[in-house]
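A.B. asks: Sharing work_26.pdb below, PDB, C-alpha atoms and all ligand atoms:
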ATOM      1  CA  MET Q   1       8.926 -15.309 -11.583  1.00  0.00           C
ATOM      2  CA  LYS Q   2      11.081 -13.899  -8.836  1.00  0.00           C
ATOM      3  CA  ASN Q   3       9.645 -12.906  -5.500  1.00  0.00           C
ATOM      4  CA  LYS Q   4       9.669  -9.215  -4.782  1.00  0.00           C
ATOM      5  CA  LYS Q   5       8.686  -9.485  -1.148  1.00  0.00           C
ATOM      6  CA  CYS Q   6       9.885 -11.503   1.799  1.00  0.00           C
ATOM      7  CA  GLU Q   7       7.687 -14.569   2.289  1.00  0.00           C
ATOM      8  CA  SER Q   8       7.964 -14.253   6.041  1.00  0.00           C
ATOM      9  CA  CYS Q   9       7.550 -10.550   6.892  1.00  0.00           C
ATOM     10  CA  PHE Q  10       6.270  -9.223   3.542  1.00  0.00           C
ATOM     11  CA  MET Q  11       8.890  -6.531   3.345  1.00  0.00           C
ATOM     12  CA  PRO Q  12       9.667  -5.544  -0.262  1.00  0.00           C
ATOM     13  CA  PHE Q  13      13.227  -6.595  -1.099  1.00  0.00           C
ATOM     14  CA  SER Q  14      13.830  -3.109  -2.447  1.00  0.00           C
ATOM     15  CA  LYS Q  15      13.628  -1.906   1.190  1.00  0.00           C
ATOM     16  CA  ASP Q  16      16.017  -4.551   2.471  1.00  0.00           C
ATOM     17  CA  GLU Q  17      19.263  -2.845   3.417  1.00  0.00           C
ATOM     18  CA  GLY Q  18      21.035  -6.002   4.516  1.00  0.00           C
ATOM     19  CA  LYS Q  19      22.773  -8.684   2.506  1.00  0.00           C
ATOM     20  CA  ARG Q  20      20.084 -11.135   1.431  1.00  0.00           C
ATOM     21  CA  GLU Q  21      20.988 -14.834   1.560  1.00  0.00           C
ATOM     22  CA  SER Q  22      17.723 -16.237   0.304  1.00  0.00           C
ATOM     23  CA  GLU Q  23      15.470 -15.765  -2.716  1.00  0.00           C
ATOM     24  CA  GLN Q  24      12.442 -16.173  -0.494  1.00  0.00           C
ATOM     25  CA  TYR Q  25      13.309 -14.240   2.632  1.00  0.00           C
ATOM     26  CA  CYS Q  26      14.789 -10.872   3.530  1.00  0.00           C
ATOM     27  CA  SER Q  27      18.069 -10.400   5.380  1.00  0.00           C
ATOM     28  CA  TYR Q  28      16.225  -9.921   8.690  1.00  0.00           C
ATOM     29  CA  CYS Q  29      14.194 -13.138   8.525  1.00  0.00           C
ATOM     30  CA  PHE Q  30      16.921 -15.354   7.138  1.00  0.00           C
ATOM     31  CA  LYS Q  31      20.427 -15.163   8.515  1.00  0.00           C
ATOM     32  CA  ASP Q  32      23.455 -17.487   8.557  1.00  0.00           C
ATOM     33  CA  GLY Q  33      21.690 -20.092   6.446  1.00  0.00           C
ATOM     34  CA  LYS Q  34      18.504 -20.361   8.483  1.00  0.00           C
ATOM     35  CA  LEU Q  35      15.314 -18.600   9.461  1.00  0.00           C
ATOM     36  CA  VAL Q  36      15.809 -16.303  12.436  1.00  0.00           C
ATOM     37  CA  TYR Q  37      12.411 -17.265  13.830  1.00  0.00           C
ATOM     38  CA  GLU Q  38      11.818 -20.959  13.133  1.00  0.00           C
ATOM     39  CA  GLY Q  39       8.492 -21.318  14.876  1.00  0.00           C
ATOM     40  CA  ASN Q  40       5.136 -21.184  13.159  1.00  0.00           C
ATOM     41  CA  ASP Q  41       3.259 -18.819  15.448  1.00  0.00           C
ATOM     42  CA  VAL Q  42       2.483 -15.703  13.458  1.00  0.00           C
ATOM     43  CA  ASN Q  43       1.552 -13.716  16.577  1.00  0.00           C
ATOM     44  CA  GLU Q  44       4.883 -14.483  18.199  1.00  0.00           C
ATOM     45  CA  PHE Q  45       6.636 -13.513  14.960  1.00  0.00           C
ATOM     46  CA  LYS Q  46       4.654 -10.270  14.776  1.00  0.00           C
ATOM     47  CA  LYS Q  47       5.622  -9.365  18.344  1.00  0.00           C
ATOM     48  CA  ARG Q  48       9.294  -9.883  17.553  1.00  0.00           C
ATOM     49  CA  ALA Q  49       9.081  -7.959  14.301  1.00  0.00           C
ATOM     50  CA  TYR Q  50       7.282  -5.060  15.988  1.00  0.00           C
ATOM     51  CA  LYS Q  51       9.901  -4.843  18.734  1.00  0.00           C
ATOM     52  CA  SER Q  52      12.767  -4.871  16.262  1.00  0.00           C
ATOM     53  CA  MET Q  53      11.139  -2.171  14.129  1.00  0.00           C
ATOM     54  CA  ILE Q  54      10.695   0.032  17.207  1.00  0.00           C
ATOM     55  CA  ALA Q  55      14.296  -0.720  18.218  1.00  0.00           C
ATOM     56  CA  LYS Q  56      15.438   0.503  14.792  1.00  0.00           C
ATOM     57  CA  GLY Q  57      13.715   3.803  15.489  1.00  0.00           C
ATOM     58  CA  MET Q  58      10.634   3.304  13.345  1.00  0.00           C
ATOM     59  CA  ASN Q  59       7.585   5.379  14.162  1.00  0.00           C
ATOM     60  CA  CYS Q  60       5.056   3.209  16.004  1.00  0.00           C
ATOM     61  CA  ILE Q  61       2.159   3.857  13.581  1.00  0.00           C
ATOM     62  CA  LYS Q  62       4.299   2.604  10.718  1.00  0.00           C
ATOM     63  CA  ALA Q  63       5.563  -0.325  12.770  1.00  0.00           C
ATOM     64  CA  LYS Q  64       1.949  -1.314  13.562  1.00  0.00           C
ATOM     65  CA  LEU Q  65       1.010  -1.162   9.887  1.00  0.00           C
ATOM     66  CA  PHE Q  66       3.962  -3.314   8.813  1.00  0.00           C
ATOM     67  CA  THR Q  67       3.234  -5.739  11.634  1.00  0.00           C
ATOM     68  CA  TRP Q  68      -0.347  -6.067  10.404  1.00  0.00           C
ATOM     69  CA  MET Q  69       0.941  -6.715   6.865  1.00  0.00           C
ATOM     70  CA  ILE Q  70       2.930  -9.725   8.081  1.00  0.00           C
ATOM     71  CA  GLY Q  71      -0.351 -11.621   8.387  1.00  0.00           C
ATOM     72  CA  PHE Q  72      -0.618 -11.617   4.574  1.00  0.00           C
ATOM     73  CA  ALA Q  73       2.825 -13.085   3.877  1.00  0.00           C
ATOM     74  CA  PRO Q  74       2.902 -16.527   2.191  1.00  0.00           C
ATOM     75  CA  ARG Q  75       4.712 -18.154   5.104  1.00  0.00           C
ATOM     76  CA  TRP Q  76       1.686 -17.759   7.393  1.00  0.00           C
ATOM     77  CA  LYS Q  77      -1.005 -18.808   4.971  1.00  0.00           C
ATOM     78  CA  LYS Q  78      -2.670 -22.001   6.055  1.00  0.00           C
TER      79      LYS Q  78
HETATM   80 ZN    ZN Y 101      11.496 -10.866   6.088  1.00  0.00          ZN
END
Rewrite the structure from the file as structure tokens, please.
Ligand SMILES: [Zn+2]
C.D. replies:
Amino acid sequence: MKNKKCESCFMPFSKDEGKRESEQYCSYCFKDGKLVYEGNDVNEFKKRAYKSMIAKGMNCIKAKLFTWMIGFAPRWKK
């Protein structure tokens, strides 16, 4: 079965406007053959994701919701 959501940020691939390089990750999380954020600190990742969503002009309520959703992505499950 194919993944329908990014394993790192939980964004549905249908919302991914970039050119996806990976079956597991979206075009924002995985670029030029590697993960953009290679650490394993979900809070650090959330901070970065939140900032980039705000930078893209996303409304901050939405950005907070999507940031919260990241915690449920497979990459951060222990
Ligand atoms: Zn992603």
A.B. asks: Which residue out of Q:Glu7, Q:Glu17, Q:Asp32, Q:Glu23 has the minimum interatomic distance to ligand ZN 101 (chain Y) when all atoms listed in the file are used?
C.D. replies: Q:Glu7
A.B. asks: I'd like the contact shell of Tyr25 in chain Q - 6 Å cut-off, all atoms listed in the file, skipping same-chain residues fewer than 3 positions apart - returned as a list in words.
C.D. replies: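 Skipping anything fewer than 3 positions along the chain leaves Cys6, Glu7, Ser22 and Phe30 of chain Q.
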A.B. asks: For CA of Lys56 in chain Q and CA of Lys2 in chain Q, quote the distance in Å rounded to one decimal.
C.D. replies: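 These atoms are spaced 28.0 Å apart.
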A.B. asks: Specify the axis-aligned box that encloses all atoms of range 19-36 of chain Q listed in the file after padding of 8 Å on each side, stating its centre and edge lengths in Å to one decimal as lines of an AutoDock Vina configuration file.
C.D. replies:
center_x = 17.9
center_y = -14.5
center_z = 4.9
size_x = 27.0
size_y = 27.7
size_z = 31.2
A.B. asks: Go through Q:Met11, Q:Cys29, Q:Val36, Q:Val42 one by one, measure the shortest atom-to-atom distance of each to Lys78 in chain Q using all atoms listed in the file, and give the residue with the smallest value.
C.D. replies: Q:Val42
A.B. asks: Skip Tyr28 in chain Q itself and residues of its chain fewer than 4 positions away, then list as a list in words all residues within 10 Å of it, counting all atoms listed in the file.
C.D. replies: Cys6, Ser8, Cys9, Met11, Asp16, Glu17, Gly18, Lys19, Arg20, Glu21, Leu35, Val36, Tyr37, Ala49 and Ser52 of chain Q
A.B. asks: Convert the output of the PyMOL selection byres (((chain Q and resi 73) around 6) and not hetatm) on the shown file into explicit residues, formatted as a ChimeraX atom specification.
C.D. replies: /Q:7-8,10,70-72,74-76
A.B. asks: Work out how far apart CA of Trp68 in chain Q and CA of Gly33 in chain Q are and give it in Å to one decimal.
C.D. replies: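 These two atoms are separated by 26.4 Å.
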A.B. asks: Report, in Å to a single decimal, how far apart CA of Lys62 in chain Q and CA of Lys47 in chain Q are.
C.D. replies: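 For CA of Lys47 in chain Q relative to CA of Lys62 in chain Q, the distance reads 14.3 Å.
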A.B. asks: So which one's closest to ligand ZN 101 (chain Y), Q:Cys26, Q:Pro12, Q:Lys4, Q:Glu44? Using all atoms listed in the file, please.
C.D. replies: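 Comparing Q:Cys26, Q:Pro12, Q:Lys4, Q:Glu44 against ligand ZN 101 (chain Y), the winner is Q:Cys26.
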A.B. asks: Could you check which of Q:Ser27, Q:Asn59, Q:Thr67, Q:Asn43 is closest to ligand ZN 101 (chain Y), using all atoms listed in the file?
C.D. replies: Q:Ser27
A.B. asks: Here is a test: counting only C-alpha atoms and all ligand atoms, which residue of Q:Ala55, Q:Ile61, Q:Asn3, Q:Gln24 is nearest to ligand ZN 101 (chain Y)?
C.D. replies: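 Going through Q:Ala55, Q:Ile61, Q:Asn3, Q:Gln24 one by one, the smallest distance to ligand ZN 101 (chain Y) is for Q:Gln24.
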